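J.: Before we start, here is the structure in question, set down as structure tokens.
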Amino acid sequence: MDFATLIQILDSTVRLATPLLFACLAGLFSERAGVFDIGLEGKMLAAAFLSAAVAALTGSVWLGVLAGIFASLLLSGIHGLAAITFRGNQLISGVAINFLASGLTVLLGQKWFGLGGRTPSLTDGGRFEPITLPFADAIAPLPIIGPIYAELISGHSILVYLAIACVPASAWVLYRTRFGLRLRAVGENPAAVDTAGVSVTGIRYAAVAICGVLCGLAGAYLALGLAAGFGKEMTAGRGFIALAALIFAKWRPWYALGATMLFGFLEAVGNRFPSIDLGLFAIPSQFVQALPYIITVVILAGFIGKARPPRAGGEPYVKER
Amino acid sequence: MTAMPKWADAVLVPLISLLIAFVISGLVILAIGEDPIAAMKLMITGALGSTYGWGYTLYYSTNFIFTGLAVSVAFQAGLFNIGSEGQASLGGLGVALACLFVPWPHWSLALIGAATMAALFGAAWAAIPAYLQAKRGSHVVITTIMFNYIAAALMIYVLVTLLRPTGSMDTASARFDPALKLPRLGDILGLVGIPFNNRNPANISLLIALASCVGVWLLMGRTRLGYQLRAFGKSEKASVYAGINPVRITMYAMLISGGLSGMMAINTVMGEANRLLLNSVEGAGFIGIAVALMGRSHPVGVLLAAILFGFLYQGGAELALWTTIPRELIIVIQALVILFTGAMDNMVRKPVESLFLLLRKGKA
């Protein structure tokens, strides 16, 4: 493999990791506040659909993003209602949200566009254009540094940079602000937060809402940045991979960046080399496609360090018995 | 103290939740510009208006009984098995191998062999997530989801490279020996003089599904293992204190669950298609979640919920055929049923509870 190929693979790693990173940080806020969320997948799907639909109808990519965030927030609201207010099973609620998104996107897509669940392909203005960073053209001819700057770092859409900026921002909010301290405390020991006179319900709803916004961005990037429009089931398990990345990252923002980049890299390699010929035998393409899921299982099996989830995760808080 | 009589807890609350789910589904149909009342009528005539429709309804119900029981057994042991889908597709592989490579003298022996293989393959696919949960503490929910995706890739590989007859363009195995065809429900009912349409795929697997209901009821309610499973599901700490081995119980619960999921394949692969097709499960594994929640994890409840979903599935197919409502409507209904009977249970339960308390106070 030569240097140019490596740069290409790393370049697509960054693109493919972006939706995972948004979704992973989304899950991080929710789960750090003690609300498990396996509905990331559904929220991304709903956001991808509505953002593509609105962008196709209005021709405005930003209206599309807002619509995507709206769709995701709506599902977050349902999850919050079920998990926080009605103290239901958070896993079941997440499963329901995934199916709701999977069914509704096709139903509404068919009704609005009649394309069997797809949205019309987006053209210029309807999707995100790559941004060329300053001096990219000037530095490009340089060896090594040139391609790295011009192709790997420059030339992505704005949401890619936003996703990466979200990592220090999330770390700052979680570890340096009063809200972040309370959010983490609610996930570990909600009774203590309650005793201090802070509303557990309020903090958890806020966390679930942040999760909704970030999932909305993840879905919008899928439909408006990575692809040019919405396709049926286009999230293809990314929500679950983001969840696995979250566990791998031990519920920490900076680790999340590394974990999602790893999964992005796996997907990029899988796209680049559909089947790998090892001389004696060829690894079938299906194996390469299943590799991210297999790696996820290996990681979850804890062969790479033990992860400790937030203590109050998955448990509804009961103020009084 | 229980505020509600038992019947209200087991029947009234799920029924109200179901009603809410249906009303919202009706609103969804309205929102996409169709008439919900007309749609309901079409579903009822299409699924229950003839023995032909009933045949399809019962064929789908058979699948959902198996997957519903599978999810409910794991659920009673406190494990959420979302991997029915993958376990059932592996079960299909077991059935196909049994039917393709063993020269069975009679269909009845083939059925026993295929069912055993289906259960073994399904259980094997559940065994790894179960082991990882029991020994390594990795959450069974995420690992079973991952195993669904891995199963999908594995089945494509098996069908494309290994089982596809040379020269065939379909991603499907060769057809089974016609002598292995299972008797249709129409034939069986014909023997006792009940006229039943024979151009539908309902077959003898339905009887095996019913027997499985009885089997699960006996297992959960009448055996030591069943008691241990339920105790473990209620409180892991208390059951471990009482000497129940958590690793053993987790393994048993998931193996039984995977085995039941796998057995679904005798209905689809052997009873209907007579060959292994790609994606032969068609989401039945996921519907099992809704069926188990709706049926309150009790075999009788699962049976009734499975028939309800069989009706919805067949009715949904009729809708897709005669109207512009896509088949995905059933996924929306399924989601709403899971949401209201599963996650938002308290939304209905609490008001009903206080109503009963009020009534009791009024009497006293």
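In the structure tokens, each chain is lettered A, B, ... as it comes, each chain's residues begin at 1, and ligands are numbered from 1 in order of appearance.
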For chain B, report every residue with an atom at most 9 Å from chain A (counting only C-alpha atoms), formatted as a ChimeraX atom specification.

T.: /B:28,31-33,80,82,129,132-133,135-139,141-143,145-147,149-154,156-157,289-290,324-340,342-347

J.: Store the residues picked out above, limited to N, CA and C atoms, as a short mmCIF file (atom, residue, chain, number, x, y, z; two decimals), in the first residue's frame.

T.:
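Result written to result-v7.cif:
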```cif
data_model
loop_
_atom_site.label_atom_id
_atom_site.label_comp_id
_atom_site.auth_asym_id
_atom_site.auth_seq_id
_atom_site.Cartn_x
_atom_site.Cartn_y
_atom_site.Cartn_z
N VAL B 28 -51.82 7.59 12.22
CA VAL B 28 -50.73 7.55 11.23
C VAL B 28 -51.31 7.28 9.85
N ALA B 31 -52.83 10.29 8.62
CA ALA B 31 -51.84 11.29 8.25
C ALA B 31 -51.26 11.03 6.86
N ILE B 32 -51.19 9.77 6.44
CA ILE B 32 -50.68 9.54 5.09
C ILE B 32 -51.83 9.48 4.08
N GLY B 33 -52.98 10.02 4.49
CA GLY B 33 -54.04 10.26 3.53
C GLY B 33 -54.89 9.05 3.18
N PHE B 80 -32.62 -9.63 27.94
CA PHE B 80 -33.37 -9.08 26.81
C PHE B 80 -32.70 -9.59 25.54
N ILE B 82 -32.47 -9.64 21.90
CA ILE B 82 -32.91 -8.98 20.66
C ILE B 82 -32.39 -9.77 19.47
N PRO B 129 -23.26 -14.92 22.75
CA PRO B 129 -23.65 -13.76 23.55
C PRO B 129 -23.96 -14.14 25.01
N LEU B 132 -20.68 -14.62 26.82
CA LEU B 132 -20.01 -13.34 27.04
C LEU B 132 -20.71 -12.54 28.13
N GLN B 133 -22.05 -12.65 28.20
CA GLN B 133 -22.78 -11.96 29.27
C GLN B 133 -22.46 -12.59 30.62
N LYS B 135 -19.92 -14.63 31.55
CA LYS B 135 -18.53 -14.71 32.01
C LYS B 135 -17.79 -13.39 31.92
N ARG B 136 -18.09 -12.60 30.86
CA ARG B 136 -17.30 -11.39 30.63
C ARG B 136 -18.08 -10.12 30.91
N GLY B 137 -19.37 -10.28 31.22
CA GLY B 137 -20.16 -9.10 31.57
C GLY B 137 -20.47 -8.16 30.43
N SER B 138 -20.33 -8.64 29.18
CA SER B 138 -20.70 -7.76 28.07
C SER B 138 -22.21 -7.88 27.85
N HIS B 139 -22.84 -6.73 27.67
CA HIS B 139 -24.30 -6.72 27.73
C HIS B 139 -24.92 -7.49 26.57
N VAL B 141 -27.75 -7.38 25.25
CA VAL B 141 -28.54 -6.62 24.28
C VAL B 141 -27.69 -6.23 23.08
N ILE B 142 -26.52 -5.66 23.36
CA ILE B 142 -25.69 -5.18 22.24
C ILE B 142 -25.07 -6.35 21.49
N THR B 143 -24.61 -7.38 22.23
CA THR B 143 -23.98 -8.49 21.52
C THR B 143 -24.98 -9.23 20.65
N ILE B 145 -27.55 -7.92 19.16
CA ILE B 145 -27.78 -7.08 17.97
C ILE B 145 -26.63 -7.28 16.98
N MET B 146 -25.39 -7.26 17.52
CA MET B 146 -24.23 -7.48 16.65
C MET B 146 -24.32 -8.84 15.96
N PHE B 147 -24.78 -9.84 16.71
CA PHE B 147 -24.88 -11.18 16.13
C PHE B 147 -25.96 -11.26 15.05
N TYR B 149 -26.37 -8.86 12.83
CA TYR B 149 -25.67 -8.39 11.64
C TYR B 149 -24.68 -9.44 11.14
N ILE B 150 -23.98 -10.08 12.10
CA ILE B 150 -23.01 -11.09 11.70
C ILE B 150 -23.74 -12.26 11.03
N ALA B 151 -24.90 -12.64 11.59
CA ALA B 151 -25.67 -13.74 10.99
C ALA B 151 -26.08 -13.39 9.57
N ALA B 152 -26.49 -12.14 9.35
CA ALA B 152 -26.91 -11.74 8.00
C ALA B 152 -25.76 -11.91 7.02
N ALA B 153 -24.56 -11.46 7.41
CA ALA B 153 -23.39 -11.60 6.53
C ALA B 153 -23.05 -13.07 6.32
N LEU B 154 -23.12 -13.85 7.40
CA LEU B 154 -22.81 -15.28 7.30
C LEU B 154 -23.76 -16.00 6.35
N ILE B 156 -25.44 -14.72 3.85
CA ILE B 156 -25.14 -14.36 2.46
C ILE B 156 -23.98 -15.21 1.97
N TYR B 157 -22.94 -15.31 2.80
CA TYR B 157 -21.77 -16.10 2.40
C TYR B 157 -22.16 -17.55 2.14
N ILE B 289 -40.37 -9.69 20.03
CA ILE B 289 -40.23 -8.78 21.18
C ILE B 289 -41.60 -8.19 21.52
N ALA B 290 -42.29 -7.69 20.50
CA ALA B 290 -43.61 -7.10 20.72
C ALA B 290 -44.58 -8.16 21.25
N THR B 324 -52.35 2.20 -1.14
CA THR B 324 -50.99 2.73 -1.28
C THR B 324 -50.24 2.67 0.05
N ILE B 325 -50.85 2.03 1.06
CA ILE B 325 -50.17 1.95 2.36
C ILE B 325 -49.07 0.89 2.26
N PRO B 326 -47.80 1.29 2.48
CA PRO B 326 -46.73 0.28 2.37
C PRO B 326 -46.77 -0.72 3.53
N ARG B 327 -46.09 -1.84 3.31
CA ARG B 327 -46.02 -2.90 4.32
C ARG B 327 -45.40 -2.43 5.62
N GLU B 328 -44.59 -1.37 5.52
CA GLU B 328 -43.87 -0.90 6.70
C GLU B 328 -44.82 -0.40 7.79
N LEU B 329 -46.13 -0.25 7.44
CA LEU B 329 -47.10 0.14 8.46
C LEU B 329 -47.02 -0.81 9.65
N ILE B 330 -46.83 -2.10 9.35
CA ILE B 330 -46.80 -3.10 10.42
C ILE B 330 -45.64 -2.82 11.38
N ILE B 331 -44.52 -2.29 10.85
CA ILE B 331 -43.38 -1.98 11.74
C ILE B 331 -43.76 -0.85 12.68
N VAL B 332 -44.52 0.13 12.16
CA VAL B 332 -44.96 1.24 13.00
C VAL B 332 -45.89 0.72 14.10
N ILE B 333 -46.85 -0.12 13.71
CA ILE B 333 -47.77 -0.68 14.72
C ILE B 333 -46.99 -1.47 15.76
N GLN B 334 -46.05 -2.27 15.27
CA GLN B 334 -45.21 -3.07 16.17
C GLN B 334 -44.45 -2.16 17.14
N ALA B 335 -43.90 -1.05 16.63
CA ALA B 335 -43.17 -0.11 17.48
C ALA B 335 -44.09 0.47 18.54
N LEU B 336 -45.31 0.84 18.12
CA LEU B 336 -46.24 1.46 19.08
C LEU B 336 -46.67 0.46 20.14
N VAL B 337 -46.87 -0.81 19.72
CA VAL B 337 -47.24 -1.84 20.71
C VAL B 337 -46.11 -2.03 21.72
N ILE B 338 -44.86 -2.09 21.21
CA ILE B 338 -43.73 -2.24 22.12
C ILE B 338 -43.65 -1.04 23.07
N LEU B 339 -43.85 0.15 22.50
CA LEU B 339 -43.75 1.37 23.30
C LEU B 339 -44.79 1.39 24.41
N PHE B 340 -46.05 1.13 24.04
CA PHE B 340 -47.11 1.31 25.03
C PHE B 340 -47.26 0.12 25.97
N GLY B 342 -44.80 -2.05 26.56
CA GLY B 342 -43.52 -2.31 27.19
C GLY B 342 -43.00 -1.13 27.98
N ALA B 343 -42.60 -0.09 27.25
CA ALA B 343 -41.87 0.99 27.90
C ALA B 343 -42.77 1.95 28.68
N MET B 344 -43.96 2.21 28.16
CA MET B 344 -44.82 3.18 28.82
C MET B 344 -45.93 2.51 29.61
N ASP B 345 -45.65 1.30 30.06
CA ASP B 345 -46.61 0.52 30.82
C ASP B 345 -47.22 1.33 31.97
N ASN B 346 -46.35 2.08 32.68
CA ASN B 346 -46.82 2.82 33.87
C ASN B 346 -47.82 3.91 33.52
N MET B 347 -47.77 4.40 32.27
CA MET B 347 -48.68 5.45 31.87
C MET B 347 -50.12 4.98 32.01
#
```

J.: Which residues are close to stretch 201-209 of chain B, i.e. within 12 Å by only C-alpha atoms, leaving aside same-chain residues fewer than 6 positions away? Reply as JSON, numbers by chain.

T.: {"B": [51, 52, 53, 54, 55, 56, 57, 58, 59, 60, 61, 62, 63, 64, 65, 66, 67, 68, 69, 70, 107, 108, 111, 112, 114, 115, 181, 182, 183, 184, 185, 186, 187, 188, 189, 215, 216, 260, 261, 262, 263, 264, 265, 266, 267, 268, 269, 270, 271, 272, 273, 274, 299, 300, 302, 303, 306, 307, 310]}

J.: Which residue is closest to A:Leu181? Choose from A:Arg311, A:Phe70, A:Asp37, A:Phe29 and count only C-alpha atoms.

T.: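 Result for the nearest residue to A:Leu181: A:Phe29.
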
J.: Have a look at atom CA of A:Ser12 and atom CA of A:Gly27 and let me know their distance in Å, one decimal.

T.: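 Atom CA of A:Gly27 lies 23.2 Å from atom CA of A:Ser12.
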
J.: Got a sec to tell me which of stretch 68-284 of chain B DSSP assigns to strand (DSSP E or B), as a count of residues only?

T.: 4

J.: Using only C-alpha atoms, determine which residues lie at most 10 Å from A:Glu151, disregarding the query and same-chain residues fewer than 3 positions distant; provide the list as a ChimeraX atom specification.

T.: /A:4,7-8,10-11,132,136,140,145-148,154-156

J.: How many Å separate atom CA of B:Ile16 from atom CA of B:Ser354?

T.: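 Atom-to-atom, atom CA of B:Ile16 and atom CA of B:Ser354 are spaced 15.1 Å apart.
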
J.: For atom CA of B:Met254 and atom CA of B:Lys234, determine how far apart the two atoms are, in Å to one decimal place.

T.: 16.3 Å

J.: Got a sec: who's within 9 Å of A:Phe22, counting only C-alpha atoms, leaving out chain neighbours fewer than 3 positions off, as a PyMOL selection string?

T.: chain A and resi 17-19+25-27+163-164+166+214-219+242

J.: Deliver the residues from the most recent selection as a file, using C-alpha atoms, as a compact mmCIF listing (two decimals), in the first residue's frame.

T.:
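Final output, saved to selection_7.txt:
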```txt
# COMPACT_ATOMS: atom_id res chain seq x y z
CA ALA A 17 -16.24 8.30 11.71
CA THR A 18 -18.12 11.61 11.83
CA PRO A 19 -21.67 10.23 12.19
CA LEU A 25 -21.17 11.72 22.10
CA ALA A 26 -24.97 11.74 22.03
CA GLY A 27 -25.03 8.41 23.84
CA ALA A 163 -18.07 16.89 15.22
CA ILE A 164 -14.41 17.08 16.13
CA CYS A 166 -17.72 18.68 19.90
CA LEU A 214 -26.26 15.32 18.54
CA CYS A 215 -28.10 12.35 17.00
CA GLY A 216 -29.87 14.83 14.75
CA LEU A 217 -26.49 16.12 13.54
CA ALA A 218 -25.30 12.54 13.01
CA GLY A 219 -28.32 11.72 10.87
CA ALA A 242 -21.62 4.10 18.14
```

J.: Set the distance at 8 Å and use only C-alpha atoms: which residues neighbour stretch 237-247 of chain B once local chain neighbours fewer than 2 positions away are removed? I'd like the list as number ranges by chain.

T.: B: 131, 134-135, 228, 231-232, 235, 249-251
